[in-house]
>>> print(open('start23.cif').read())   # mmCIF, C-alpha atoms and all ligand atoms
data_final
#
loop_
_atom_site.label_atom_id
_atom_site.label_comp_id
_atom_site.auth_asym_id
_atom_site.auth_seq_id
_atom_site.Cartn_x
_atom_site.Cartn_y
_atom_site.Cartn_z
CA MET A 8 -22.16 2.77 5.90
CA PRO A 9 -21.73 -0.76 4.50
CA HIS A 10 -23.88 -3.51 5.93
CA GLN A 11 -22.29 -4.97 9.07
CA PRO A 12 -22.09 -8.74 8.70
CA ALA A 13 -23.31 -10.99 11.49
CA PRO A 14 -20.47 -12.44 13.53
CA PHE A 15 -18.88 -15.82 12.78
CA PRO A 16 -20.16 -18.47 12.31
CA ALA A 17 -23.40 -16.97 10.95
CA SER A 18 -21.13 -15.15 8.53
CA ARG A 19 -18.67 -17.30 6.67
CA PRO A 20 -17.43 -15.17 3.76
CA ARG A 21 -15.79 -18.23 2.24
CA ARG A 22 -19.26 -19.60 1.38
CA LEU A 23 -19.39 -17.22 -1.53
CA ARG A 24 -15.92 -18.24 -2.72
CA ARG A 25 -16.47 -21.97 -2.52
CA ASP A 26 -17.01 -22.74 -6.19
CA ALA A 27 -16.63 -21.08 -9.55
CA PHE A 28 -20.38 -20.65 -10.13
CA THR A 29 -20.78 -18.72 -6.87
CA ARG A 30 -17.75 -16.58 -7.57
CA ASN A 31 -19.13 -15.83 -11.03
CA LEU A 32 -22.53 -15.03 -9.53
CA VAL A 33 -21.34 -12.48 -6.98
CA ARG A 34 -18.42 -10.87 -8.86
CA GLU A 35 -18.83 -7.07 -8.73
CA HIS A 36 -16.69 -6.00 -11.69
CA ALA A 37 -15.79 -7.51 -15.02
CA LEU A 38 -13.56 -6.61 -17.91
CA SER A 39 -14.81 -6.62 -21.48
CA ALA A 40 -13.10 -5.92 -24.80
CA HIS A 41 -15.25 -2.77 -25.00
CA ASP A 42 -13.24 -1.35 -22.09
CA LEU A 43 -9.95 -1.43 -23.98
CA ILE A 44 -8.18 1.20 -26.09
CA LEU A 45 -5.10 0.05 -28.02
CA PRO A 46 -2.22 2.55 -28.35
CA VAL A 47 -0.13 2.02 -31.51
CA PHE A 48 3.02 3.60 -32.93
CA VAL A 49 2.93 4.55 -36.58
CA HIS A 50 5.74 5.64 -38.88
CA GLU A 51 6.19 6.50 -42.56
CA GLY A 52 6.93 3.89 -45.18
CA ARG A 53 5.54 0.68 -46.56
CA ASP A 54 5.73 -2.82 -45.15
CA LYS A 55 7.85 -1.49 -42.31
CA ILE A 56 7.86 -3.03 -38.83
CA GLU A 57 10.36 -2.10 -36.12
CA ALA A 58 10.27 -3.79 -32.75
CA VAL A 59 10.52 -1.53 -29.67
CA PRO A 60 13.08 -3.31 -27.46
CA SER A 61 11.82 -1.89 -24.16
CA MET A 62 8.22 -2.91 -24.99
CA PRO A 63 8.29 -6.61 -25.96
CA GLY A 64 5.47 -7.40 -28.39
CA VAL A 65 5.05 -3.74 -29.47
CA SER A 66 6.30 -2.47 -32.86
CA ARG A 67 6.29 0.71 -34.87
CA LEU A 68 4.16 0.04 -37.94
CA SER A 69 3.70 1.62 -41.32
CA LEU A 70 0.10 2.35 -42.34
CA ASP A 71 -0.28 -0.79 -44.49
CA ARG A 72 0.80 -2.91 -41.49
CA LEU A 73 -1.54 -1.02 -39.18
CA ILE A 74 -4.70 -1.75 -41.19
CA PRO A 75 -4.86 -5.46 -40.24
CA VAL A 76 -4.35 -4.49 -36.59
CA ALA A 77 -7.27 -2.07 -36.86
CA GLU A 78 -9.39 -4.80 -38.44
CA GLU A 79 -8.56 -7.18 -35.63
CA CYS A 80 -9.65 -4.54 -33.10
CA VAL A 81 -13.08 -4.41 -34.75
CA GLU A 82 -13.31 -8.21 -34.80
CA LEU A 83 -12.45 -8.42 -31.12
CA GLY A 84 -14.73 -5.59 -30.01
CA ILE A 85 -11.96 -3.12 -29.08
CA PRO A 86 -13.71 0.21 -29.69
CA VAL A 87 -10.79 2.60 -30.15
CA LEU A 88 -7.24 2.78 -31.50
CA ALA A 89 -4.94 5.49 -30.10
CA LEU A 90 -2.38 6.74 -32.63
CA PHE A 91 1.12 7.87 -31.68
CA PRO A 92 3.38 9.06 -34.48
CA VAL A 93 7.09 8.41 -34.87
CA ILE A 94 8.22 11.55 -36.69
CA ASP A 95 11.25 11.67 -38.97
CA PRO A 96 14.06 13.57 -37.13
CA SER A 97 14.43 15.91 -40.13
CA LEU A 98 10.92 17.25 -39.44
CA LYS A 99 11.53 18.06 -35.76
CA THR A 100 11.89 21.76 -34.91
CA PRO A 101 12.01 23.83 -31.71
CA ASP A 102 8.34 24.82 -32.17
CA GLY A 103 7.09 21.43 -33.37
CA ARG A 104 5.29 23.03 -36.33
CA GLU A 105 4.95 19.71 -38.15
CA ALA A 106 2.19 18.93 -35.61
CA MET A 107 -0.08 21.41 -37.45
CA ASN A 108 0.64 20.05 -40.95
CA PRO A 109 -2.70 18.96 -42.46
CA ASP A 110 -0.77 16.56 -44.73
CA GLY A 111 1.42 15.23 -41.94
CA LEU A 112 1.68 11.59 -40.92
CA VAL A 113 -1.15 11.63 -38.36
CA PRO A 114 -3.83 13.28 -40.55
CA ARG A 115 -2.98 10.91 -43.43
CA VAL A 116 -3.15 7.84 -41.21
CA VAL A 117 -6.41 9.02 -39.63
CA ALA A 118 -8.02 9.58 -43.03
CA ALA A 119 -6.88 6.17 -44.30
CA LEU A 120 -8.09 4.33 -41.20
CA LYS A 121 -11.47 6.07 -41.26
CA GLU A 122 -11.82 5.09 -44.92
CA LYS A 123 -10.69 1.46 -44.59
CA VAL A 124 -11.99 0.60 -41.11
CA PRO A 125 -14.80 3.14 -40.57
CA SER A 126 -16.42 1.47 -37.58
CA LEU A 127 -13.28 1.68 -35.45
CA GLY A 128 -12.95 4.77 -33.25
CA ILE A 129 -9.71 6.66 -33.76
CA LEU A 130 -8.08 8.72 -31.03
CA THR A 131 -5.13 11.04 -31.62
CA ASP A 132 -2.68 12.50 -29.18
CA VAL A 133 -2.53 16.29 -29.03
CA ALA A 134 0.96 17.22 -27.86
CA LEU A 135 4.15 18.47 -29.44
CA ASP A 136 6.76 16.07 -28.04
CA PRO A 137 6.97 13.78 -31.11
CA TYR A 138 7.58 16.92 -33.21
CA THR A 139 9.98 19.05 -31.16
CA SER A 140 13.76 18.89 -31.51
CA HIS A 141 14.06 19.10 -27.70
CA GLY A 142 11.41 16.45 -26.93
CA GLN A 143 9.30 18.73 -24.70
CA ASP A 144 5.52 19.04 -25.15
CA GLY A 145 5.67 22.77 -25.84
CA VAL A 146 7.63 25.76 -27.06
CA LEU A 147 10.57 26.88 -24.89
CA ASP A 148 11.67 30.35 -23.85
CA GLU A 149 15.38 31.28 -23.77
CA ARG A 150 15.76 29.67 -20.33
CA GLY A 151 14.13 26.40 -21.35
CA TYR A 152 10.78 27.08 -19.65
CA ILE A 153 7.74 25.88 -21.60
CA ILE A 154 5.66 28.86 -22.76
CA ASN A 155 2.04 28.02 -22.02
CA ASP A 156 -0.12 30.25 -24.21
CA ARG A 157 1.96 30.05 -27.39
CA THR A 158 1.98 26.26 -27.01
CA VAL A 159 -1.80 26.22 -26.55
CA GLU A 160 -2.26 28.08 -29.86
CA ILE A 161 -0.25 25.43 -31.68
CA LEU A 162 -2.16 22.64 -29.94
CA GLY A 163 -5.44 24.18 -31.12
CA GLN A 164 -4.17 24.07 -34.71
CA GLN A 165 -2.91 20.51 -34.25
CA ALA A 166 -6.30 19.35 -32.95
CA LEU A 167 -8.07 21.12 -35.80
CA ALA A 168 -5.87 19.39 -38.40
CA GLN A 169 -6.70 16.05 -36.79
CA ALA A 170 -10.43 16.84 -36.68
CA ARG A 171 -10.38 17.84 -40.36
CA ALA A 172 -8.77 14.48 -41.16
CA GLY A 173 -11.77 12.85 -39.53
CA VAL A 174 -10.53 11.78 -36.11
CA ASP A 175 -13.23 10.79 -33.61
CA ILE A 176 -11.48 11.68 -30.36
CA VAL A 177 -8.66 14.12 -29.68
CA ALA A 178 -6.67 13.48 -26.53
CA PRO A 179 -4.52 16.37 -25.31
CA SER A 180 -1.65 14.85 -23.32
CA ASP A 181 0.46 17.97 -22.94
CA MET A 182 -0.80 19.36 -19.58
CA MET A 183 -0.70 23.03 -20.64
CA ASP A 184 -3.17 25.29 -18.80
CA GLY A 185 -6.30 26.19 -20.74
CA ARG A 186 -5.72 23.87 -23.68
CA ILE A 187 -9.03 22.04 -23.43
CA GLY A 188 -10.96 25.31 -23.73
CA ALA A 189 -8.81 26.49 -26.63
CA ILE A 190 -9.19 23.20 -28.50
CA ARG A 191 -12.93 23.08 -27.88
CA ALA A 192 -13.26 26.65 -29.21
CA GLN A 193 -11.30 25.76 -32.38
CA LEU A 194 -13.42 22.67 -32.97
CA GLU A 195 -16.68 24.59 -32.49
CA ALA A 196 -15.50 27.48 -34.67
CA TYR A 197 -14.98 25.12 -37.59
CA ASP A 198 -18.12 23.07 -36.98
CA HIS A 199 -16.43 19.92 -35.67
CA ILE A 200 -19.14 19.65 -33.06
CA HIS A 201 -18.92 15.87 -32.74
CA THR A 202 -15.20 15.60 -32.13
CA ARG A 203 -14.85 14.20 -28.65
CA ILE A 204 -12.15 15.38 -26.25
CA MET A 205 -10.59 12.86 -23.90
CA ALA A 206 -8.43 15.00 -21.65
CA TYR A 207 -5.29 13.68 -20.04
CA SER A 208 -6.40 15.64 -16.99
CA ALA A 209 -4.35 14.11 -14.22
CA LYS A 210 -1.12 13.30 -15.95
CA TYR A 211 1.83 12.91 -13.64
CA ALA A 212 5.52 13.63 -14.27
CA SER A 213 6.26 9.92 -14.17
CA ALA A 214 9.33 7.79 -14.73
CA PHE A 215 7.01 5.09 -16.07
CA TYR A 216 6.92 6.77 -19.52
CA GLY A 217 10.50 5.74 -20.39
CA PRO A 218 9.74 2.96 -22.91
CA PHE A 219 7.15 5.16 -24.69
CA ARG A 220 9.78 7.84 -25.23
CA ASP A 221 12.02 5.15 -26.77
CA ALA A 222 9.14 4.09 -29.02
CA VAL A 223 8.37 7.56 -30.41
CA GLY A 224 12.04 8.52 -30.44
CA SER A 225 11.72 11.51 -28.10
CA ALA A 226 13.98 10.07 -25.38
CA ALA A 227 17.17 11.12 -27.18
CA ASN A 228 15.80 14.62 -27.85
CA LEU A 229 14.73 15.06 -24.23
CA GLY A 230 18.04 13.86 -22.78
CA LYS A 231 18.23 14.46 -19.03
CA ALA A 232 15.50 17.10 -19.02
CA ASP A 233 12.17 16.39 -17.30
CA LYS A 234 8.55 17.59 -17.64
CA LYS A 235 7.96 18.64 -14.04
CA THR A 236 6.93 22.22 -14.84
CA TYR A 237 3.76 20.99 -16.56
CA GLN A 238 3.06 17.36 -15.65
CA MET A 239 1.79 16.79 -12.09
CA ASP A 240 3.85 16.06 -9.00
CA PRO A 241 3.43 12.40 -7.95
CA GLY A 242 2.90 13.57 -4.37
CA ASN A 243 -0.38 15.31 -5.20
CA SER A 244 -3.95 14.05 -5.11
CA ASP A 245 -6.30 17.03 -4.47
CA GLU A 246 -4.63 18.77 -7.39
CA ALA A 247 -5.84 15.97 -9.69
CA LEU A 248 -9.43 16.88 -8.79
CA ARG A 249 -8.79 20.54 -9.59
CA GLU A 250 -7.29 19.60 -12.96
CA VAL A 251 -10.24 17.35 -13.82
CA GLY A 252 -12.68 20.08 -12.76
CA LEU A 253 -10.98 22.63 -15.02
CA ASP A 254 -10.90 20.28 -18.02
CA LEU A 255 -14.59 19.44 -17.64
CA ALA A 256 -15.48 23.12 -17.30
CA GLU A 257 -13.48 23.83 -20.48
CA GLY A 258 -15.34 21.21 -22.49
CA ALA A 259 -13.77 17.78 -22.01
CA ASP A 260 -16.15 14.87 -22.66
CA MET A 261 -14.00 12.28 -20.94
CA VAL A 262 -11.07 12.48 -18.55
CA MET A 263 -8.03 10.35 -17.95
CA VAL A 264 -5.62 9.51 -15.17
CA LYS A 265 -2.08 8.54 -16.11
CA PRO A 266 -0.09 6.42 -15.25
CA GLY A 267 -2.46 3.69 -14.18
CA MET A 268 -1.61 1.10 -11.58
CA PRO A 269 0.45 3.38 -9.26
CA TYR A 270 -2.41 5.93 -9.41
CA LEU A 271 -5.53 3.83 -8.84
CA ASP A 272 -6.34 5.99 -5.82
CA ILE A 273 -6.63 8.97 -8.18
CA VAL A 274 -8.91 7.03 -10.54
CA ARG A 275 -11.19 6.26 -7.61
CA ARG A 276 -11.27 9.85 -6.34
CA VAL A 277 -11.95 11.29 -9.79
CA LYS A 278 -14.78 8.86 -10.46
CA GLU A 279 -16.41 9.46 -7.09
CA GLU A 280 -16.10 13.22 -7.30
CA PHE A 281 -17.22 13.83 -10.89
CA ARG A 282 -19.12 10.74 -12.11
CA VAL A 283 -18.01 11.32 -15.70
CA PRO A 284 -16.46 8.85 -18.16
CA THR A 285 -13.06 8.24 -16.61
CA PHE A 286 -10.16 6.43 -18.21
CA ALA A 287 -6.81 5.18 -17.01
CA TYR A 288 -3.64 4.71 -19.03
CA GLN A 289 -1.63 1.61 -18.21
CA VAL A 290 1.56 3.18 -19.51
CA SER A 291 4.60 1.79 -21.25
CA GLY A 292 6.61 1.29 -18.06
CA GLU A 293 3.82 -0.70 -16.43
CA TYR A 294 3.59 -2.87 -19.54
CA ALA A 295 7.37 -3.30 -19.63
CA MET A 296 7.50 -4.39 -15.97
CA LEU A 297 4.86 -7.07 -16.41
CA LYS A 298 6.39 -8.30 -19.69
CA ALA A 299 9.87 -8.47 -18.16
CA ALA A 300 8.73 -10.39 -15.10
CA ALA A 301 6.71 -12.79 -17.26
CA ALA A 302 9.64 -13.31 -19.65
CA ASN A 303 11.77 -14.33 -16.68
CA GLY A 304 9.16 -16.77 -15.50
CA TRP A 305 8.59 -14.72 -12.32
CA LEU A 306 4.95 -13.92 -13.01
CA ASP A 307 2.18 -15.67 -14.96
CA HIS A 308 1.76 -13.40 -17.99
CA ASP A 309 -1.92 -13.86 -18.76
CA ALA A 310 -2.97 -13.91 -15.12
CA VAL A 311 -1.22 -10.65 -14.19
CA MET A 312 -2.35 -8.99 -17.41
CA MET A 313 -6.01 -9.73 -16.71
CA GLU A 314 -5.74 -8.94 -13.00
CA SER A 315 -4.07 -5.59 -13.66
CA LEU A 316 -6.78 -4.63 -16.17
CA LEU A 317 -9.65 -5.72 -13.92
CA ALA A 318 -8.14 -3.58 -11.15
CA PHE A 319 -8.79 -0.47 -13.25
CA LYS A 320 -12.46 -1.35 -13.54
CA ARG A 321 -12.71 -2.00 -9.80
CA ALA A 322 -11.06 1.38 -9.11
CA GLY A 323 -13.81 3.05 -11.14
CA ALA A 324 -12.36 3.42 -14.62
CA ASP A 325 -14.74 3.10 -17.56
CA GLY A 326 -11.92 2.02 -19.81
CA VAL A 327 -8.17 1.51 -20.07
CA LEU A 328 -5.57 2.49 -22.61
CA THR A 329 -3.28 -0.53 -22.65
CA TYR A 330 -0.66 -2.10 -24.87
CA PHE A 331 -2.19 -5.43 -23.76
CA ALA A 332 -5.51 -4.62 -25.49
CA LEU A 333 -5.20 -7.19 -28.30
CA GLU A 334 -3.82 -9.97 -26.10
CA ALA A 335 -6.45 -9.34 -23.42
CA ALA A 336 -9.32 -9.17 -25.92
CA ARG A 337 -8.19 -12.43 -27.55
CA LEU A 338 -8.18 -14.07 -24.15
CA LEU A 339 -11.61 -12.66 -23.30
CA ARG A 340 -13.05 -14.15 -26.46
CA ARG A 341 -11.95 -17.67 -25.50
C1 LIG B 401 3.43 12.62 -24.71
C2 LIG B 401 2.89 11.34 -24.20
C3 LIG B 401 3.60 10.49 -23.33
C4 LIG B 401 2.80 9.36 -23.18
C5 LIG B 401 1.63 9.55 -23.92
N1 LIG B 401 1.71 10.79 -24.54
C6 LIG B 401 4.94 10.61 -22.75
C7 LIG B 401 5.35 11.80 -22.02
O1 LIG B 401 4.51 12.58 -21.53
O2 LIG B 401 6.56 12.00 -21.93
C8 LIG B 401 3.22 8.17 -22.35
C9 LIG B 401 2.56 6.90 -22.65
C10 LIG B 401 3.27 5.70 -22.12
O3 LIG B 401 4.26 5.77 -21.37
O4 LIG B 401 2.80 4.60 -22.47
N2 LIG B 401 2.69 13.74 -24.63
#
>>> encode(input="start23.cif", output="structure tokens")
Amino acid sequence: MPHQPAPFPASRPRRLRRDAFTRNLVREHALSAHDLILPVFVHEGRDKIEAVPSMPGVSRLSLDRLIPVAEECVELGIPVLALFPVIDPSLKTPDGREAMNPDGLVPRVVAALKEKVPSLGILTDVALDPYTSHGQDGVLDERGYIINDRTVEILGQQALAQARAGVDIVAPSDMMDGRIGAIRAQLEAYDHIHTRIMAYSAKYASAFYGPFRDAVGSAANLGKADKKTYQMDPGNSDEALREVGLDLAEGADMVMVKPGMPYLDIVRRVKEEFRVPTFAYQVSGEYAMLKAAAANGWLDHDAVMMESLLAFKRAGADGVLTYFALEAARLLRR
């Protein structure tokens, strides 16, 4: 039970809000650059930058253009870069086999980043949607249902290819059953005992992913289809705890809740129940909303950016994947 304050006027809560020094003194939560993970979109080519219209300020970058971004992350204290590939349409197949290619875009970019910017943590997405011709995160049966166990086998190979390229953290975002255990077994079998797994444990079938699907080019492949047979129902909360429990039992080191701001209640429940490193993903649609309102002059960009990120910390998150990472870290340094 929280301490019951004495009645007014002995208690005047405004005393502790009266001036900046007092507010600074009693503030319970703070954001630091170390809390931020920057998601980036990478494509083939040289000196190639393509803006993503639905995500103002975000571009698809070729490796040479990504290196300076990685260097700025180190300078600012951002610990981790999360890589999302934009795969050439000619390489997309129904089974997404390009995901397992040890010489594919992601393994090459991982190896180059670990060579050029070794102190920066690199996280890779484990999921098939950038690689499938239908834009789903798994292999389909003849009725269009995603086949769990066959998909999990491919994911294990994908994670292994990433680990061999030197990635620090693999982050399965596919929501297949049993994939954390299968990936952990693959990593152990080939002696990648230090590869960390950040599980997208409570990932909801959300409409807030729209701009991301534009960015990786899976929106057109997916068409009107949805991901409701594997991503979670937005009406559920207890189920998130079961998913987190399973992923931890299967070998996850860190767990994630996604999307972020509409699901802060889930972040709080997960943190209180499990007390493990817990992350939230402020997804593309959340970013797009704030950018759009700021561009119209309806919201103060920097103020809402920092407030939204601090809210994750207050809810119990240890860190946040956010497209604002660079802008926020630059502001924190000032
Ligand atoms: C795909 C994946 C998605 C995101 C991260 N990994 C989209 C989806 O599940 O359709 C969304 C991230 C964002 O919206 O910023 N496995």
>>> atom_distance(input="start23.cif", atom1="atom CA of A:Val93", atom2="atom CA of A:Val76")
17.3 Å
>>> residues_near_ligand(input="start23.cif", ligand="ligand LIG 401 (chain B)", cutoff="9 Å", atoms="all atoms listed in the file", output="PyMOL selection string")
chain A and resi 46+91+132-137+142-144+179-182+207+210-220+223+225-226+233-234+238+265-266+288-294+328-330
>>> closest_residue(input="start23.cif", among="A:Ala301, A:Met313, A:Leu112, A:Ile204", to="A:Asp254", atoms="only C-alpha atoms")
A:Ile204
>>> atom_distance(input="start23.cif", atom1="atom CA of A:Leu167", atom2="atom CA of A:Ile190")
7.7 Å
>>> closest_residue(input="start23.cif", among="A:Arg67, A:Arg157, A:Arg72, A:His50", to="A:Asp102", atoms="only C-alpha atoms")
A:Arg157
>>> atom_distance(input="start23.cif", atom1="atom CA of A:Arg321", atom2="atom CA of A:Leu338")
19.3 Å
>>> closest_residue(input="start23.cif", among="A:Gly173, A:Gly84, A:Pro101, A:Pro75", to="A:Val113", atoms="all atoms listed in the file")
A:Gly173
>>> closest_residue(input="start23.cif", among="A:Lys320, A:Arg104, A:Lys298, A:Arg115", to="A:Glu51", atoms="only C-alpha atoms")
A:Arg115
>>> axis_aligned_box(input="start23.cif", around="stretch 16-33 of chain A", padding_each_side="4 Å", output="lines of an AutoDock Vina configuration file")
center_x = -19.6
center_y = -17.6
center_z = 0.6
size_x = 15.6
size_y = 18.3
size_z = 31.3
>>> residues_around(input="start23.cif", residues="stretch 123-131 of chain A", least_positions_apart="3", cutoff="6 Å", atoms="only C-alpha atoms", output="list of chain:residue names")
A:Pro86, A:Val87, A:Leu88, A:Ala89, A:Leu90, A:Leu120, A:Val174, A:Asp175, A:Ile176, A:Val177, A:Ala178
>>> write_last_selection(input="start23.cif", atoms="C-alpha atoms", output="PDB file, in the coordinates of the input")
ATOM      1  CA  PRO A  86     -13.710   0.210 -29.690  1.00  0.00           C
ATOM      2  CA  VAL A  87     -10.790   2.600 -30.150  1.00  0.00           C
ATOM      3  CA  LEU A  88      -7.240   2.780 -31.500  1.00  0.00           C
ATOM      4  CA  ALA A  89      -4.940   5.490 -30.100  1.00  0.00           C
ATOM      5  CA  LEU A  90      -2.380   6.740 -32.630  1.00  0.00           C
ATOM      6  CA  LEU A 120      -8.090   4.330 -41.200  1.00  0.00           C
ATOM      7  CA  VAL A 174     -10.530  11.780 -36.110  1.00  0.00           C
ATOM      8  CA  ASP A 175     -13.230  10.790 -33.610  1.00  0.00           C
ATOM      9  CA  ILE A 176     -11.480  11.680 -30.360  1.00  0.00           C
ATOM     10  CA  VAL A 177      -8.660  14.120 -29.680  1.00  0.00           C
ATOM     11  CA  ALA A 178      -6.670  13.480 -26.530  1.00  0.00           C
TER      12      ALA A 178
END
>>> closest_residue(input="start23.cif", among="A:Asp26, A:Glu314, A:Glu82, A:Asp54", to="A:Ala336", atoms="all atoms listed in the file")
A:Glu82
>>> closest_residue(input="start23.cif", among="A:Thr236, A:Gln164, A:Asn303, A:Asn108", to="A:Gly151", atoms="only C-alpha atoms")
A:Thr236
>>> residues_near_point(input="start23.cif", point="(-6.0, 22.0, -31.6)", cutoff="10 Å", atoms="all atoms listed in the file", output="PDB file with C-alpha atoms, in the frame of the given file")
ATOM      1  CA  ALA A 106       2.190  18.930 -35.610  1.00  0.00           C
ATOM      2  CA  MET A 107      -0.080  21.410 -37.450  1.00  0.00           C
ATOM      3  CA  VAL A 133      -2.530  16.290 -29.030  1.00  0.00           C
ATOM      4  CA  ALA A 134       0.960  17.220 -27.860  1.00  0.00           C
ATOM      5  CA  VAL A 159      -1.800  26.220 -26.550  1.00  0.00           C
ATOM      6  CA  GLU A 160      -2.260  28.080 -29.860  1.00  0.00           C
ATOM      7  CA  ILE A 161      -0.250  25.430 -31.680  1.00  0.00           C
ATOM      8  CA  LEU A 162      -2.160  22.640 -29.940  1.00  0.00           C
ATOM      9  CA  GLY A 163      -5.440  24.180 -31.120  1.00  0.00           C
ATOM     10  CA  GLN A 164      -4.170  24.070 -34.710  1.00  0.00           C
ATOM     11  CA  GLN A 165      -2.910  20.510 -34.250  1.00  0.00           C
ATOM     12  CA  ALA A 166      -6.300  19.350 -32.950  1.00  0.00           C
ATOM     13  CA  LEU A 167      -8.070  21.120 -35.800  1.00  0.00           C
ATOM     14  CA  ALA A 168      -5.870  19.390 -38.400  1.00  0.00           C
ATOM     15  CA  GLN A 169      -6.700  16.050 -36.790  1.00  0.00           C
ATOM     16  CA  ALA A 170     -10.430  16.840 -36.680  1.00  0.00           C
ATOM     17  CA  VAL A 177      -8.660  14.120 -29.680  1.00  0.00           C
ATOM     18  CA  ALA A 178      -6.670  13.480 -26.530  1.00  0.00           C
ATOM     19  CA  PRO A 179      -4.520  16.370 -25.310  1.00  0.00           C
ATOM     20  CA  ARG A 186      -5.720  23.870 -23.680  1.00  0.00           C
ATOM     21  CA  ILE A 187      -9.030  22.040 -23.430  1.00  0.00           C
ATOM     22  CA  GLY A 188     -10.960  25.310 -23.730  1.00  0.00           C
ATOM     23  CA  ALA A 189      -8.810  26.490 -26.630  1.00  0.00           C
ATOM     24  CA  ILE A 190      -9.190  23.200 -28.500  1.00  0.00           C
ATOM     25  CA  ARG A 191     -12.930  23.080 -27.880  1.00  0.00           C
ATOM     26  CA  ALA A 192     -13.260  26.650 -29.210  1.00  0.00           C
ATOM     27  CA  GLN A 193     -11.300  25.760 -32.380  1.00  0.00           C
ATOM     28  CA  LEU A 194     -13.420  22.670 -32.970  1.00  0.00           C
TER      29      LEU A 194
END
>>> residues_around(input="start23.cif", residues="A:Pro284", least_positions_apart="4", cutoff="9 Å", atoms="all atoms listed in the file", output="list in words")
Asp260, Met261, Val262, Met263, Lys278, Ala324, Asp325 and Gly326 of chain A
